[in-house]
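Engineer: Here you go, coords-v6.txt (compact mmCIF, C-alpha atoms and all ligand atoms):
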# COMPACT_ATOMS: atom_id res chain seq x y z
CA ARG A 1 -2.37 17.55 13.71
CA PRO A 2 -4.43 14.46 12.86
CA ARG A 3 -2.39 11.35 12.28
CA VAL A 4 -2.04 9.20 9.18
CA LEU A 5 -0.49 5.73 8.85
CA SER A 6 0.07 3.41 5.93
CA GLY A 7 2.46 0.72 4.72
CA MET A 8 3.32 -1.60 1.87
CA GLN A 9 4.84 -5.05 1.76
CA PRO A 10 8.36 -5.57 0.45
CA THR A 11 7.25 -8.72 -1.36
CA ASN A 12 8.69 -7.58 -4.70
CA ALA A 13 11.75 -5.51 -5.40
CA SER A 14 9.59 -2.98 -7.19
CA LEU A 15 6.33 -1.30 -6.32
CA HIS A 16 3.86 -1.18 -9.19
CA LEU A 17 1.93 1.67 -10.74
CA GLY A 18 -1.17 0.73 -8.69
CA ASN A 19 0.81 1.02 -5.44
CA TYR A 20 2.21 4.36 -6.62
CA LEU A 21 -1.04 5.96 -7.76
CA GLY A 22 -3.35 4.25 -5.26
CA ALA A 23 -1.21 4.81 -2.17
CA LEU A 24 2.29 6.30 -2.33
CA ARG A 25 1.34 9.52 -4.07
CA GLN A 26 -1.33 10.24 -1.47
CA TRP A 27 1.18 9.61 1.28
CA ALA A 28 3.43 12.32 -0.08
CA THR A 29 0.66 14.91 -0.34
CA MET A 30 -0.70 14.12 3.12
CA GLN A 31 2.52 14.60 5.06
CA ASP A 32 2.11 18.37 5.47
CA GLU A 33 -1.38 18.28 6.85
CA TYR A 34 -0.95 15.12 8.93
CA ASP A 35 1.47 13.70 11.43
CA ALA A 36 2.47 10.89 9.08
CA PHE A 37 3.77 7.38 9.84
CA TYR A 38 4.78 5.24 6.86
CA CYS A 39 6.21 1.77 7.31
CA VAL A 40 7.65 -1.01 5.22
CA VAL A 41 5.57 -3.93 6.47
CA ASP A 42 8.13 -6.71 6.36
CA LEU A 43 6.32 -8.90 8.91
CA HIS A 44 3.47 -9.09 6.41
CA ALA A 45 5.88 -10.10 3.67
CA ILE A 46 6.71 -13.53 5.13
CA THR A 47 3.16 -14.91 5.01
CA ALA A 48 3.54 -16.67 1.68
CA GLY A 49 7.10 -17.96 1.50
CA HIS A 50 10.16 -15.79 0.89
CA ASP A 51 13.92 -15.73 0.59
CA PRO A 52 15.69 -14.09 3.61
CA ALA A 53 18.47 -12.32 1.69
CA GLN A 54 15.96 -11.06 -0.85
CA LEU A 55 13.64 -9.79 1.87
CA ARG A 56 16.43 -7.72 3.44
CA GLU A 57 17.27 -6.23 0.07
CA ARG A 58 13.64 -5.58 -0.85
CA THR A 59 12.95 -3.89 2.48
CA ARG A 60 15.65 -1.32 1.68
CA VAL A 61 14.49 -0.92 -1.91
CA THR A 62 10.91 -0.39 -0.75
CA ALA A 63 11.99 2.29 1.73
CA ALA A 64 14.00 3.97 -1.05
CA GLN A 65 10.89 3.97 -3.24
CA TYR A 66 8.86 5.66 -0.51
CA ILE A 67 11.40 8.48 -0.49
CA ALA A 68 11.62 8.60 -4.29
CA GLY A 69 7.81 8.82 -4.36
CA GLY A 70 7.93 11.94 -2.19
CA VAL A 71 7.91 10.75 1.43
CA ASP A 72 10.27 13.05 3.29
CA PRO A 73 11.90 11.31 6.28
CA GLU A 74 12.35 14.73 7.92
CA ARG A 75 8.62 15.43 7.90
CA SER A 76 7.24 11.88 8.19
CA THR A 77 8.16 8.96 10.40
CA LEU A 78 9.52 6.37 7.99
CA PHE A 79 10.30 2.96 9.51
CA VAL A 80 10.43 -0.80 9.12
CA GLN A 81 7.66 -2.72 10.90
CA SER A 82 9.92 -5.43 12.39
CA HIS A 83 12.04 -2.74 14.08
CA VAL A 84 9.11 -1.98 16.37
CA PRO A 85 8.29 -5.16 18.34
CA GLU A 86 4.98 -3.76 19.61
CA HIS A 87 3.31 -4.61 16.25
CA PRO A 88 3.22 -8.40 16.77
CA GLN A 89 2.70 -7.92 20.52
CA LEU A 90 -0.49 -5.94 20.00
CA ALA A 91 -1.54 -8.28 17.18
CA TRP A 92 -1.63 -11.19 19.63
CA VAL A 93 -3.97 -9.34 21.99
CA LEU A 94 -6.22 -8.28 19.11
CA SER A 95 -6.30 -11.80 17.68
CA CYS A 96 -7.86 -12.90 20.97
CA ILE A 97 -10.84 -10.60 20.45
CA THR A 98 -11.24 -11.32 16.71
CA GLY A 99 -13.77 -13.93 15.69
CA PHE A 100 -12.61 -16.82 13.54
CA GLY A 101 -15.66 -16.31 11.33
CA GLU A 102 -15.00 -12.60 11.11
CA ALA A 103 -11.43 -13.18 9.91
CA SER A 104 -12.63 -15.90 7.52
CA ARG A 105 -14.74 -13.33 5.67
CA MET A 106 -11.75 -11.29 4.46
CA THR A 107 -11.93 -11.44 0.68
CA GLN A 108 -8.21 -10.84 0.15
CA PHE A 109 -7.47 -13.95 2.24
CA LYS A 110 -10.09 -15.96 0.39
CA ASP A 111 -8.70 -14.92 -3.02
CA LYS A 112 -5.06 -15.56 -2.13
CA ALA A 113 -5.85 -18.84 -0.35
CA ALA A 114 -7.83 -19.99 -3.38
CA ARG A 115 -4.84 -19.20 -5.63
CA GLN A 116 -2.34 -20.95 -3.34
CA GLY A 117 -4.36 -23.97 -2.21
CA THR A 118 -5.08 -24.95 1.42
CA GLU A 119 -1.81 -26.73 2.12
CA ALA A 120 0.35 -23.82 0.95
CA THR A 121 -1.77 -21.21 2.79
CA THR A 122 -0.26 -20.20 6.13
CA VAL A 123 -1.91 -19.25 9.41
CA GLY A 124 0.08 -16.01 9.05
CA LEU A 125 -1.80 -15.14 5.87
CA PHE A 126 -5.05 -15.78 7.73
CA THR A 127 -4.17 -13.52 10.68
CA TYR A 128 -2.54 -10.89 8.47
CA PRO A 129 -5.50 -8.43 8.81
CA VAL A 130 -5.21 -8.60 12.61
CA LEU A 131 -1.53 -7.63 12.40
CA GLN A 132 -2.58 -4.85 10.05
CA ALA A 133 -5.14 -3.68 12.63
CA ALA A 134 -2.32 -3.58 15.20
CA ASP A 135 -0.13 -1.56 12.80
CA ILE A 136 -2.83 1.08 12.60
CA LEU A 137 -4.24 1.10 16.15
CA LEU A 138 -0.80 1.37 17.78
CA TYR A 139 -0.42 4.87 16.36
CA ASP A 140 -3.91 6.26 17.00
CA ALA A 141 -4.13 6.88 13.26
CA ASP A 142 -7.14 8.96 12.17
CA MET A 143 -6.69 8.23 8.48
CA VAL A 144 -5.28 5.34 6.42
CA PRO A 145 -4.60 6.14 2.75
CA VAL A 146 -4.95 2.88 0.76
CA GLY A 147 -6.39 1.46 -2.44
CA GLU A 148 -9.88 -0.02 -2.70
CA ASP A 149 -8.62 -3.58 -2.02
CA GLN A 150 -7.84 -2.57 1.56
CA ARG A 151 -11.25 -1.14 2.47
CA GLN A 152 -12.45 -4.33 4.14
CA HIS A 153 -9.30 -4.57 6.27
CA ILE A 154 -9.75 -1.02 7.56
CA GLU A 155 -13.37 -1.83 8.44
CA LEU A 156 -12.12 -4.87 10.37
CA THR A 157 -9.61 -2.63 12.16
CA ARG A 158 -12.45 -0.35 13.24
CA ASP A 159 -14.52 -3.31 14.42
CA ILE A 160 -11.69 -4.81 16.46
CA GLY A 161 -10.64 -1.43 17.90
CA GLY A 162 -14.24 -0.57 18.81
CA ARG A 163 -14.71 -3.96 20.46
CA PHE A 164 -11.57 -3.46 22.55
CA ASN A 165 -12.74 0.00 23.57
CA SER A 166 -16.13 -1.23 24.70
CA ARG A 167 -14.71 -4.24 26.59
CA PHE A 168 -11.71 -2.66 28.23
CA GLY A 169 -12.35 1.09 28.14
CA GLU A 170 -11.65 3.82 25.59
CA THR A 171 -8.15 3.06 24.26
CA PHE A 172 -7.94 3.26 20.48
CA VAL A 173 -8.76 5.92 17.92
CA LEU A 174 -10.91 4.31 15.21
CA PRO A 175 -9.34 5.09 11.82
CA LYS A 176 -11.01 5.98 8.54
CA ALA A 177 -9.88 4.65 5.16
CA PHE A 178 -8.84 7.38 2.73
CA ILE A 179 -9.46 6.07 -0.78
CA PRO A 180 -9.55 8.74 -3.52
CA GLU A 181 -11.98 7.38 -6.08
CA ALA A 182 -9.98 8.29 -9.18
CA THR A 183 -7.01 6.06 -8.36
CA ALA A 184 -8.64 3.56 -6.01
CA LYS A 185 -8.15 0.66 -8.38
CA ILE A 186 -5.62 0.62 -11.20
CA GLN A 187 -6.33 -2.45 -13.30
CA ASP A 188 -4.08 -5.06 -14.85
CA LEU A 189 -3.10 -4.11 -18.43
CA GLN A 190 -3.68 -7.61 -19.78
CA ASP A 191 -6.87 -8.34 -17.84
CA PRO A 192 -8.43 -4.97 -17.04
CA THR A 193 -11.22 -6.62 -15.06
CA VAL A 194 -8.81 -7.38 -12.18
CA LYS A 195 -6.58 -5.07 -10.15
CA MET A 196 -2.93 -4.66 -11.02
CA SER A 197 -1.17 -6.78 -8.42
CA LYS A 198 2.30 -7.89 -7.34
CA SER A 199 1.23 -11.46 -6.78
CA ILE A 200 -0.49 -11.83 -10.16
CA GLY A 201 2.44 -10.22 -12.00
CA GLY A 202 2.88 -10.90 -15.72
CA ALA A 203 2.76 -8.54 -18.69
CA GLY A 204 -0.20 -6.64 -17.23
CA LEU A 205 1.95 -5.22 -14.45
CA ILE A 206 3.87 -1.93 -14.62
CA GLU A 207 6.70 -2.06 -12.14
CA MET A 208 8.13 1.29 -11.13
CA LEU A 209 11.71 -0.04 -11.34
CA GLU A 210 11.31 -1.89 -14.64
CA GLU A 211 13.41 -0.95 -17.69
CA PRO A 212 11.64 2.01 -19.39
CA LYS A 213 11.67 0.11 -22.70
CA VAL A 214 9.82 -2.84 -21.14
CA ILE A 215 7.29 -0.47 -19.56
CA GLU A 216 6.68 1.18 -22.91
CA LYS A 217 6.19 -2.19 -24.57
CA ARG A 218 3.73 -3.33 -21.91
CA ILE A 219 1.62 -0.22 -22.32
CA LYS A 220 1.65 -0.53 -26.10
CA SER A 221 0.47 -4.14 -25.83
CA ALA A 222 -2.21 -3.39 -23.23
CA VAL A 223 -5.51 -5.11 -23.97
CA THR A 224 -8.01 -2.63 -25.35
CA ASP A 225 -11.66 -3.16 -26.09
CA SER A 226 -13.78 -3.74 -29.14
CA GLY A 227 -14.95 -0.65 -31.03
CA ARG A 228 -12.74 2.34 -31.69
CA GLU A 229 -14.11 5.08 -29.53
CA ILE A 230 -12.07 6.44 -26.63
CA THR A 231 -14.60 6.74 -23.82
CA VAL A 232 -14.91 5.90 -20.15
CA ASP A 233 -17.07 2.90 -19.36
CA PRO A 234 -15.68 0.41 -16.84
CA GLU A 235 -18.26 -2.20 -17.88
CA SER A 236 -17.91 -2.28 -21.65
CA LYS A 237 -14.49 -0.63 -22.01
CA PRO A 238 -12.40 -1.62 -18.99
CA GLY A 239 -9.08 -1.50 -20.87
CA VAL A 240 -9.52 1.98 -22.35
CA THR A 241 -11.02 3.25 -19.10
CA ASN A 242 -7.96 2.02 -17.20
CA LEU A 243 -5.57 3.76 -19.62
CA ILE A 244 -7.53 7.02 -19.34
CA THR A 245 -7.52 6.71 -15.53
CA ILE A 246 -3.73 6.30 -15.52
CA LEU A 247 -3.21 9.21 -17.92
CA SER A 248 -5.50 11.47 -15.95
CA ALA A 249 -3.87 10.62 -12.61
CA LEU A 250 -0.36 11.21 -13.92
CA THR A 251 -1.01 14.40 -15.85
CA MET A 252 -3.76 15.83 -13.59
CA ARG A 253 -5.87 16.33 -16.71
CA PRO A 254 -9.54 15.69 -15.95
CA VAL A 255 -10.96 12.51 -17.53
CA GLY A 256 -13.55 14.52 -19.51
CA GLN A 257 -10.81 16.66 -21.01
CA ILE A 258 -8.85 13.59 -22.10
CA VAL A 259 -11.91 12.04 -23.74
CA GLN A 260 -12.48 15.30 -25.61
CA ASP A 261 -8.82 15.54 -26.68
CA PHE A 262 -8.94 12.02 -28.13
CA GLU A 263 -12.14 12.44 -30.11
CA GLY A 264 -11.63 10.89 -33.54
CA ARG A 265 -8.22 9.47 -32.62
CA GLY A 266 -7.28 5.81 -32.16
CA TYR A 267 -6.15 3.52 -29.33
CA GLY A 268 -2.54 3.69 -30.59
CA ASP A 269 -2.40 7.45 -29.90
CA LEU A 270 -3.82 6.96 -26.42
CA LYS A 271 -1.25 4.29 -25.58
CA LYS A 272 1.56 6.52 -26.84
CA GLU A 273 0.49 9.33 -24.51
CA VAL A 274 0.04 7.00 -21.57
CA ALA A 275 3.50 5.53 -22.14
CA SER A 276 5.07 8.96 -22.27
CA ALA A 277 3.29 10.10 -19.05
CA VAL A 278 4.35 6.93 -17.22
CA LEU A 279 7.97 7.29 -18.35
CA ASP A 280 8.02 10.96 -17.27
CA THR A 281 7.23 9.76 -13.75
CA VAL A 282 9.21 6.56 -13.70
CA ILE A 283 12.56 7.77 -15.07
CA PRO A 284 13.28 10.41 -12.35
CA PHE A 285 11.81 7.99 -9.76
CA GLN A 286 14.31 5.31 -10.76
CA LYS A 287 17.20 7.78 -10.70
CA ARG A 288 16.35 8.81 -7.13
CA VAL A 289 16.05 5.17 -6.02
CA ARG A 290 19.50 4.41 -7.47
CA GLU A 291 21.02 7.38 -5.61
CA LEU A 292 19.49 6.27 -2.33
CA LEU A 293 20.63 2.68 -2.75
CA ASP A 294 24.17 3.87 -3.46
CA ASP A 295 24.41 4.76 0.22
CA PRO A 296 22.69 1.94 2.14
CA ALA A 297 24.26 3.02 5.45
CA GLN A 298 22.56 6.39 5.22
CA LEU A 299 19.25 4.77 4.34
CA ASP A 300 19.58 2.41 7.31
CA ALA A 301 20.34 5.37 9.58
CA LEU A 302 17.16 7.15 8.41
CA LEU A 303 15.18 4.00 9.14
CA ALA A 304 16.73 3.70 12.60
CA THR A 305 15.68 7.27 13.44
CA GLY A 306 12.17 6.51 12.18
CA ALA A 307 11.98 3.32 14.25
CA GLU A 308 12.91 5.23 17.38
CA LYS A 309 10.15 7.78 16.82
CA ALA A 310 7.64 5.03 16.01
CA HIS A 311 8.68 3.04 19.05
CA ASP A 312 7.99 5.98 21.38
CA VAL A 313 4.36 6.11 20.25
CA ALA A 314 3.85 2.34 19.93
CA SER A 315 5.29 1.46 23.33
CA ALA A 316 3.01 3.97 25.09
CA THR A 317 -0.05 2.44 23.40
CA LEU A 318 1.01 -1.12 24.18
CA ARG A 319 1.62 -0.29 27.85
CA LYS A 320 -1.90 1.06 28.08
CA VAL A 321 -3.32 -2.02 26.33
CA TYR A 322 -1.45 -4.50 28.56
CA ASP A 323 -2.68 -2.65 31.61
CA ARG A 324 -6.31 -2.55 30.43
CA VAL A 325 -6.25 -6.25 29.55
CA GLY A 326 -5.04 -7.08 33.05
CA PHE A 327 -1.45 -8.20 32.50
CA LEU A 328 0.59 -7.81 35.67
CA GLN A 329 3.05 -4.98 35.13
CA PRO A 330 6.68 -6.10 35.51
CA MET A 331 8.60 -4.48 38.41
N1 LIG B 1 -4.17 -1.93 -8.40
C1 LIG B 1 -4.15 -1.06 -7.41
N2 LIG B 1 -4.73 0.15 -7.54
C2 LIG B 1 -4.72 1.04 -6.52
N3 LIG B 1 -4.11 0.81 -5.33
C3 LIG B 1 -3.51 -0.38 -5.16
N4 LIG B 1 -2.83 -0.92 -4.14
C4 LIG B 1 -2.42 -2.17 -4.48
N5 LIG B 1 -2.82 -2.46 -5.73
C5 LIG B 1 -3.50 -1.37 -6.18
C6 LIG B 1 -2.57 -0.26 -2.87
O1 LIG B 1 -1.16 -0.24 -2.67
C7 LIG B 1 -0.86 -0.55 -1.31
C8 LIG B 1 -0.05 -1.84 -1.29
O2 LIG B 1 -0.23 -2.57 -0.15
P1 LIG B 1 0.38 -4.03 0.00
O3 LIG B 1 1.83 -4.00 -0.20
O4 LIG B 1 -0.16 -4.56 1.29
O5 LIG B 1 -0.20 -4.86 -1.21
P2 LIG B 1 -1.64 -5.28 -1.63
O6 LIG B 1 -2.70 -4.38 -1.17
O7 LIG B 1 -1.80 -6.73 -1.29
O8 LIG B 1 -1.56 -5.09 -3.22
P3 LIG B 1 -0.39 -5.49 -4.19
O9 LIG B 1 0.73 -4.53 -4.03
O10 LIG B 1 -0.84 -5.62 -5.58
O11 LIG B 1 0.04 -6.90 -3.71
P4 LIG B 1 -0.77 -8.26 -3.80
O12 LIG B 1 -0.28 -8.93 -5.00
O13 LIG B 1 -0.36 -8.93 -2.55
O14 LIG B 1 -2.23 -7.97 -3.89
C9 LIG B 1 -2.21 -0.66 -0.60
O15 LIG B 1 -2.58 0.60 -0.09
C10 LIG B 1 -3.13 -1.06 -1.70
O16 LIG B 1 -4.48 -0.73 -1.46
Take the structure from the file and write it as structure tokens.
Structural biologist:
Amino acid sequence: RPRVLSGMQPTNASLHLGNYLGALRQWATMQDEYDAFYCVVDLHAITAGHDPAQLRERTRVTAAQYIAGGVDPERSTLFVQSHVPEHPQLAWVLSCITGFGEASRMTQFKDKAARQGTEATTVGLFTYPVLQAADILLYDADMVPVGEDQRQHIELTRDIGGRFNSRFGETFVLPKAFIPEATAKIQDLQDPTVKMSKSIGGAGLIEMLEEPKVIEKRIKSAVTDSGREITVDPESKPGVTNLITILSALTMRPVGQIVQDFEGRGYGDLKKEVASAVLDTVIPFQKRVRELLDDPAQLDALLATGAEKAHDVASATLRKVYDRVGFLQPM
């Protein structure tokens, strides 16, 4: 079976609707067809300042959300990145064949660094995409299901992996990004010209673990566009288009059908339906997360099993890499 790998950062307690529709839902559907590896990327979560106790808690909550979103730890390898030490070990080797200019072109780094300012921006945030390349290349992943914002990082992974292969001999499988167009970019409800994002936060964010009442309120106060017509046009109607995208993704109703159904009706009706579709997903999701968190020991045991499976694959790849690079093998 071809292999798939993906991960999310435990930077917030809750994933948001963009993470769910853009990534997590694909993960669940891919686990039958693919040999799937899904990790909570906690090493990535310390690049911009964090609280240790909170990180531990959020790592568990994130893993619980993977399972609540449909990842089955029996069928997929579910693990925490820091449990597999080969990730930062391979990242170091890859960072030595990554150009400074090449890494400087990553738009996610540029955006986040611009928001944080130079003094608050860490070297870890800068080398983050190299660690991400290691996450993927360690597992010979064929496919990486992500949202549109990650496309450039997957391209970088291919470039670095290809460079290693041509310098040191065929070692890595070069992965492809899997980005279903319909849910590639869920936008912020308050500013529908930017992606919904954990680090931007605010009233435009729908967190999967938020109180249902708050979620409902946020959808009802979503920014809509001038005019009254319910149509899809990302340029002139980004707010309405985003709501239709969310409704279509959650109910599996084609966009064209939704537009037809709402002919002659107002924005208020659309928001009501979106809110009800979101709550239909979020309420059982939250219940499942609560059940899983009620038994943290069992969750930790699942993660330990996953780490063991991941380690088997990762350690074989790293051994090969160390040998190719010319490190003297220990006795
Ligand atoms: N708005 C979005 N629409 C569709 N997919 C999205 N993803 C994130 N936002 C959207 C996808 O979810 C996964 C999360 O990966 P991450 O934890 O590394 O976070 P990220 O890509 O940096 O995005 P976040 O969650 O919003 O965090 P910040 O605030 O850091 O940008 C990825 O597959 C991503 O593509």
Engineer: Can you list every residue of chain A that has an atom at most 8 Å from ligand LIG 1 (chain B), with its nearest atom pair and the distance in Å to one decimal, using only C-alpha atoms and all ligand atoms, ordered by chain then number, as a tab-separated table?
Structural biologist:
residue	atom	partner	partner_atom	distance
A:Ser6	CA	B:LIG1	O15	7.2
A:Gly7	CA	B:LIG1	O2	6.5
A:Met8	CA	B:LIG1	O3	3.5
A:Gln9	CA	B:LIG1	O3	3.7
A:Pro10	CA	B:LIG1	O3	6.7
A:Thr11	CA	B:LIG1	O3	7.3
A:Leu15	CA	B:LIG1	O9	6.9
A:His16	CA	B:LIG1	O9	6.9
A:Leu17	CA	B:LIG1	C1	7.5
A:Gly18	CA	B:LIG1	C1	3.7
A:Asn19	CA	B:LIG1	O1	3.6
A:Tyr20	CA	B:LIG1	O1	6.9
A:Leu21	CA	B:LIG1	C2	6.3
A:Gly22	CA	B:LIG1	N3	3.5
A:Ala23	CA	B:LIG1	O15	4.9
A:Leu24	CA	B:LIG1	O1	7.4
A:Val41	CA	B:LIG1	O3	7.6
A:His44	CA	B:LIG1	O4	7.7
A:Gln108	CA	B:LIG1	O7	7.7
A:Pro145	CA	B:LIG1	O15	6.5
A:Val146	CA	B:LIG1	O15	3.4
A:Gly147	CA	B:LIG1	O16	3.1
A:Glu148	CA	B:LIG1	O16	5.6
A:Asp149	CA	B:LIG1	O16	5.1
A:Gln150	CA	B:LIG1	O16	4.9
A:Arg151	CA	B:LIG1	O16	7.8
A:Thr183	CA	B:LIG1	C2	5.8
A:Ala184	CA	B:LIG1	C2	4.7
A:Lys185	CA	B:LIG1	N2	3.6
A:Ile186	CA	B:LIG1	N2	3.8
A:Gln187	CA	B:LIG1	N1	5.4
A:Asp188	CA	B:LIG1	N1	7.2
A:Lys195	CA	B:LIG1	N1	4.3
A:Met196	CA	B:LIG1	N1	4.0
A:Ser197	CA	B:LIG1	O10	3.1
A:Lys198	CA	B:LIG1	O12	3.6
A:Ser199	CA	B:LIG1	O12	3.4
A:Ile200	CA	B:LIG1	O12	5.9
A:Gly201	CA	B:LIG1	O12	7.6
Engineer: Tell me which of A:Ala114, A:Gly239, A:Pro212, A:Gly268 sits closest to Pro284 (chain A), counting all atoms listed in the file.
Structural biologist: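 Comparing A:Ala114, A:Gly239, A:Pro212, A:Gly268 against Pro284 (chain A), the winner is A:Pro212.
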Engineer: Grab the CA of His87 (chain A) to CA of Val321 (chain A) distance for me, in Å with one decimal place.
Structural biologist: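 Computing the Euclidean distance for CA of His87 (chain A) and CA of Val321 (chain A) yields 12.3 Å.
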Engineer: List the neighbours of Gly264 (chain A) out to 10 Å using all atoms listed in the file; skip same-chain residues closer than 4 positions along the sequence, and give me the result as a ChimeraX atom specification.
Structural biologist: /A:228-230,259-260
Engineer: Please determine, counting all atoms listed in the file, which residue among A:Thr231, A:Ile246, A:Gln152, A:Lys176 has the shortest atom-to-atom distance to Glu263 (chain A).
Structural biologist: A:Thr231
Engineer: When you draw a straight line from CA of Leu94 (chain A) to CA of Phe168 (chain A), how long is it in Å?
Structural biologist: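 Value for the CA of Leu94 (chain A)-CA of Phe168 (chain A) distance: 12.0 Å.
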Engineer: Quick one: pull the distance between CA of Phe285 (chain A) and CA of Glu211 (chain A), Å, one decimal.
Structural biologist: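 One can read the CA of Phe285 (chain A) to CA of Glu211 (chain A) distance as 12.1 Å.
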Engineer: Which of these residues is nearest to Ser95 (chain A), using all atoms listed in the file: A:Arg163, A:His50, A:His83, A:Arg324?
Structural biologist: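 So, comparing all the options, the nearest one is A:Arg163.
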Engineer: Can you pull out every residue within 7 Å of Val173 (chain A), counting only C-alpha atoms, but drop anything in the same chain fewer than 6 positions away, and send it as a PyMOL selection string?
Structural biologist: chain A and resi 137+140-142
Engineer: Using all atoms listed in the file, give me every residue within 10 Å of (3.3, 9.3, 12.0) in file coordinates, as a CSV table (one decimal) with C-alpha atoms, in the frame of the given file.
Structural biologist:
chain,number,residue,atom,x,y,z
A,2,PRO,CA,-4.4,14.5,12.9
A,3,ARG,CA,-2.4,11.4,12.3
A,4,VAL,CA,-2.0,9.2,9.2
A,5,LEU,CA,-0.5,5.7,8.8
A,6,SER,CA,0.1,3.4,5.9
A,31,GLN,CA,2.5,14.6,5.1
A,34,TYR,CA,-1.0,15.1,8.9
A,35,ASP,CA,1.5,13.7,11.4
A,36,ALA,CA,2.5,10.9,9.1
A,37,PHE,CA,3.8,7.4,9.8
A,38,TYR,CA,4.8,5.2,6.9
A,39,CYS,CA,6.2,1.8,7.3
A,75,ARG,CA,8.6,15.4,7.9
A,76,SER,CA,7.2,11.9,8.2
A,77,THR,CA,8.2,9.0,10.4
A,78,LEU,CA,9.5,6.4,8.0
A,79,PHE,CA,10.3,3.0,9.5
A,139,TYR,CA,-0.4,4.9,16.4
A,140,ASP,CA,-3.9,6.3,17.0
A,141,ALA,CA,-4.1,6.9,13.3
A,306,GLY,CA,12.2,6.5,12.2
A,309,LYS,CA,10.2,7.8,16.8
A,310,ALA,CA,7.6,5.0,16.0
A,313,VAL,CA,4.4,6.1,20.2
Engineer: Could you give me, as a PyMOL selection string, the residues within 8 Å of region 55-59 of chain A, counting all atoms listed in the file and dropping anything in the same chain fewer than 4 positions from it?
Structural biologist: chain A and resi 10-14+40+42+45+50-51+63+80
Engineer: Which residues are near Ser276 (chain A)? Cut-off 12 Å, all atoms listed in the file, ignore same chain within fewer than 5 positions. Put them as a list in words.
Structural biologist: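 Residues near the query, excluding close chain neighbours: Pro212, Lys213, Ile215, Glu216, Lys217, Ile219, Lys220, Ile246, Leu247, Leu250, Thr251, Asp269, Leu270, Lys271, Thr281, Val282 and Ile283 of chain A.
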Engineer: Please, could you write that set of residues out with C-alpha atoms as a PDB file, in the coordinates of the input?
Structural biologist:
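As a result, result20.pdb now contains:
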ATOM      1  CA  PRO A 212      11.640   2.010 -19.390  1.00  0.00           C
ATOM      2  CA  LYS A 213      11.670   0.110 -22.700  1.00  0.00           C
ATOM      3  CA  ILE A 215       7.290  -0.470 -19.560  1.00  0.00           C
ATOM      4  CA  GLU A 216       6.680   1.180 -22.910  1.00  0.00           C
ATOM      5  CA  LYS A 217       6.190  -2.190 -24.570  1.00  0.00           C
ATOM      6  CA  ILE A 219       1.620  -0.220 -22.320  1.00  0.00           C
ATOM      7  CA  LYS A 220       1.650  -0.530 -26.100  1.00  0.00           C
ATOM      8  CA  ILE A 246      -3.730   6.300 -15.520  1.00  0.00           C
ATOM      9  CA  LEU A 247      -3.210   9.210 -17.920  1.00  0.00           C
ATOM     10  CA  LEU A 250      -0.360  11.210 -13.920  1.00  0.00           C
ATOM     11  CA  THR A 251      -1.010  14.400 -15.850  1.00  0.00           C
ATOM     12  CA  ASP A 269      -2.400   7.450 -29.900  1.00  0.00           C
ATOM     13  CA  LEU A 270      -3.820   6.960 -26.420  1.00  0.00           C
ATOM     14  CA  LYS A 271      -1.250   4.290 -25.580  1.00  0.00           C
ATOM     15  CA  THR A 281       7.230   9.760 -13.750  1.00  0.00           C
ATOM     16  CA  VAL A 282       9.210   6.560 -13.700  1.00  0.00           C
ATOM     17  CA  ILE A 283      12.560   7.770 -15.070  1.00  0.00           C
TER      18      ILE A 283
END
Engineer: Determine the nearest neighbour of Val194 (chain A) from the options A:Pro296, A:Pro234, A:Met331, A:Arg158, counting all atoms listed in the file.
Structural biologist: A:Pro234
Engineer: Kindly indicate which residue among A:Asp225, A:Glu181, A:Asp300, A:Asp323 lies nearest to Gln26 (chain A), using only C-alpha atoms for the distances.
Structural biologist: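 For Gln26 (chain A), the nearest of the candidates is A:Glu181.
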Engineer: Counting all atoms listed in the file, which of A:Glu291, A:Asp72, A:Asp111, A:Asp135 gets nearest to Pro85 (chain A)?
Structural biologist: A:Asp135
Engineer: Determine, counting all atoms listed in the file, which protein, DNA and RNA residues have an atom within 10 Å of an atom of Gln116 (chain A); residues of the same chain fewer than 6 positions away are not included. Present the result as a list of chain:residue names.
Structural biologist: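 Once the adjacent positions are removed, what remains is A:Ala48, A:Lys110, A:Thr122.
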Engineer: Can you give me N, CA, C and O atoms for region 322-326 of chain A, written as an mmCIF file, in the coordinates of the input?
Structural biologist:
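New file selection-v8.cif:
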data_model
loop_
_atom_site.group_PDB
_atom_site.id
_atom_site.type_symbol
_atom_site.label_atom_id
_atom_site.label_comp_id
_atom_site.auth_asym_id
_atom_site.auth_seq_id
_atom_site.Cartn_x
_atom_site.Cartn_y
_atom_site.Cartn_z
ATOM 1 N N TYR A 322 -1.799 -3.411 27.626
ATOM 2 C CA TYR A 322 -1.450 -4.500 28.560
ATOM 3 C C TYR A 322 -2.097 -4.244 29.921
ATOM 4 O O TYR A 322 -2.576 -5.158 30.578
ATOM 5 N N ASP A 323 -2.090 -2.991 30.321
ATOM 6 C CA ASP A 323 -2.680 -2.650 31.610
ATOM 7 C C ASP A 323 -4.193 -2.891 31.593
ATOM 8 O O ASP A 323 -4.745 -3.529 32.484
ATOM 9 N N ARG A 324 -4.849 -2.401 30.534
ATOM 10 C CA ARG A 324 -6.310 -2.550 30.430
ATOM 11 C C ARG A 324 -6.721 -4.019 30.395
ATOM 12 O O ARG A 324 -7.736 -4.405 30.959
ATOM 13 N N VAL A 325 -5.918 -4.841 29.694
ATOM 14 C CA VAL A 325 -6.250 -6.250 29.550
ATOM 15 C C VAL A 325 -6.067 -6.993 30.869
ATOM 16 O O VAL A 325 -6.690 -8.031 31.108
ATOM 17 N N GLY A 326 -5.216 -6.459 31.739
ATOM 18 C CA GLY A 326 -5.040 -7.080 33.050
ATOM 19 C C GLY A 326 -3.731 -7.833 33.205
ATOM 20 O O GLY A 326 -3.585 -8.654 34.108
#
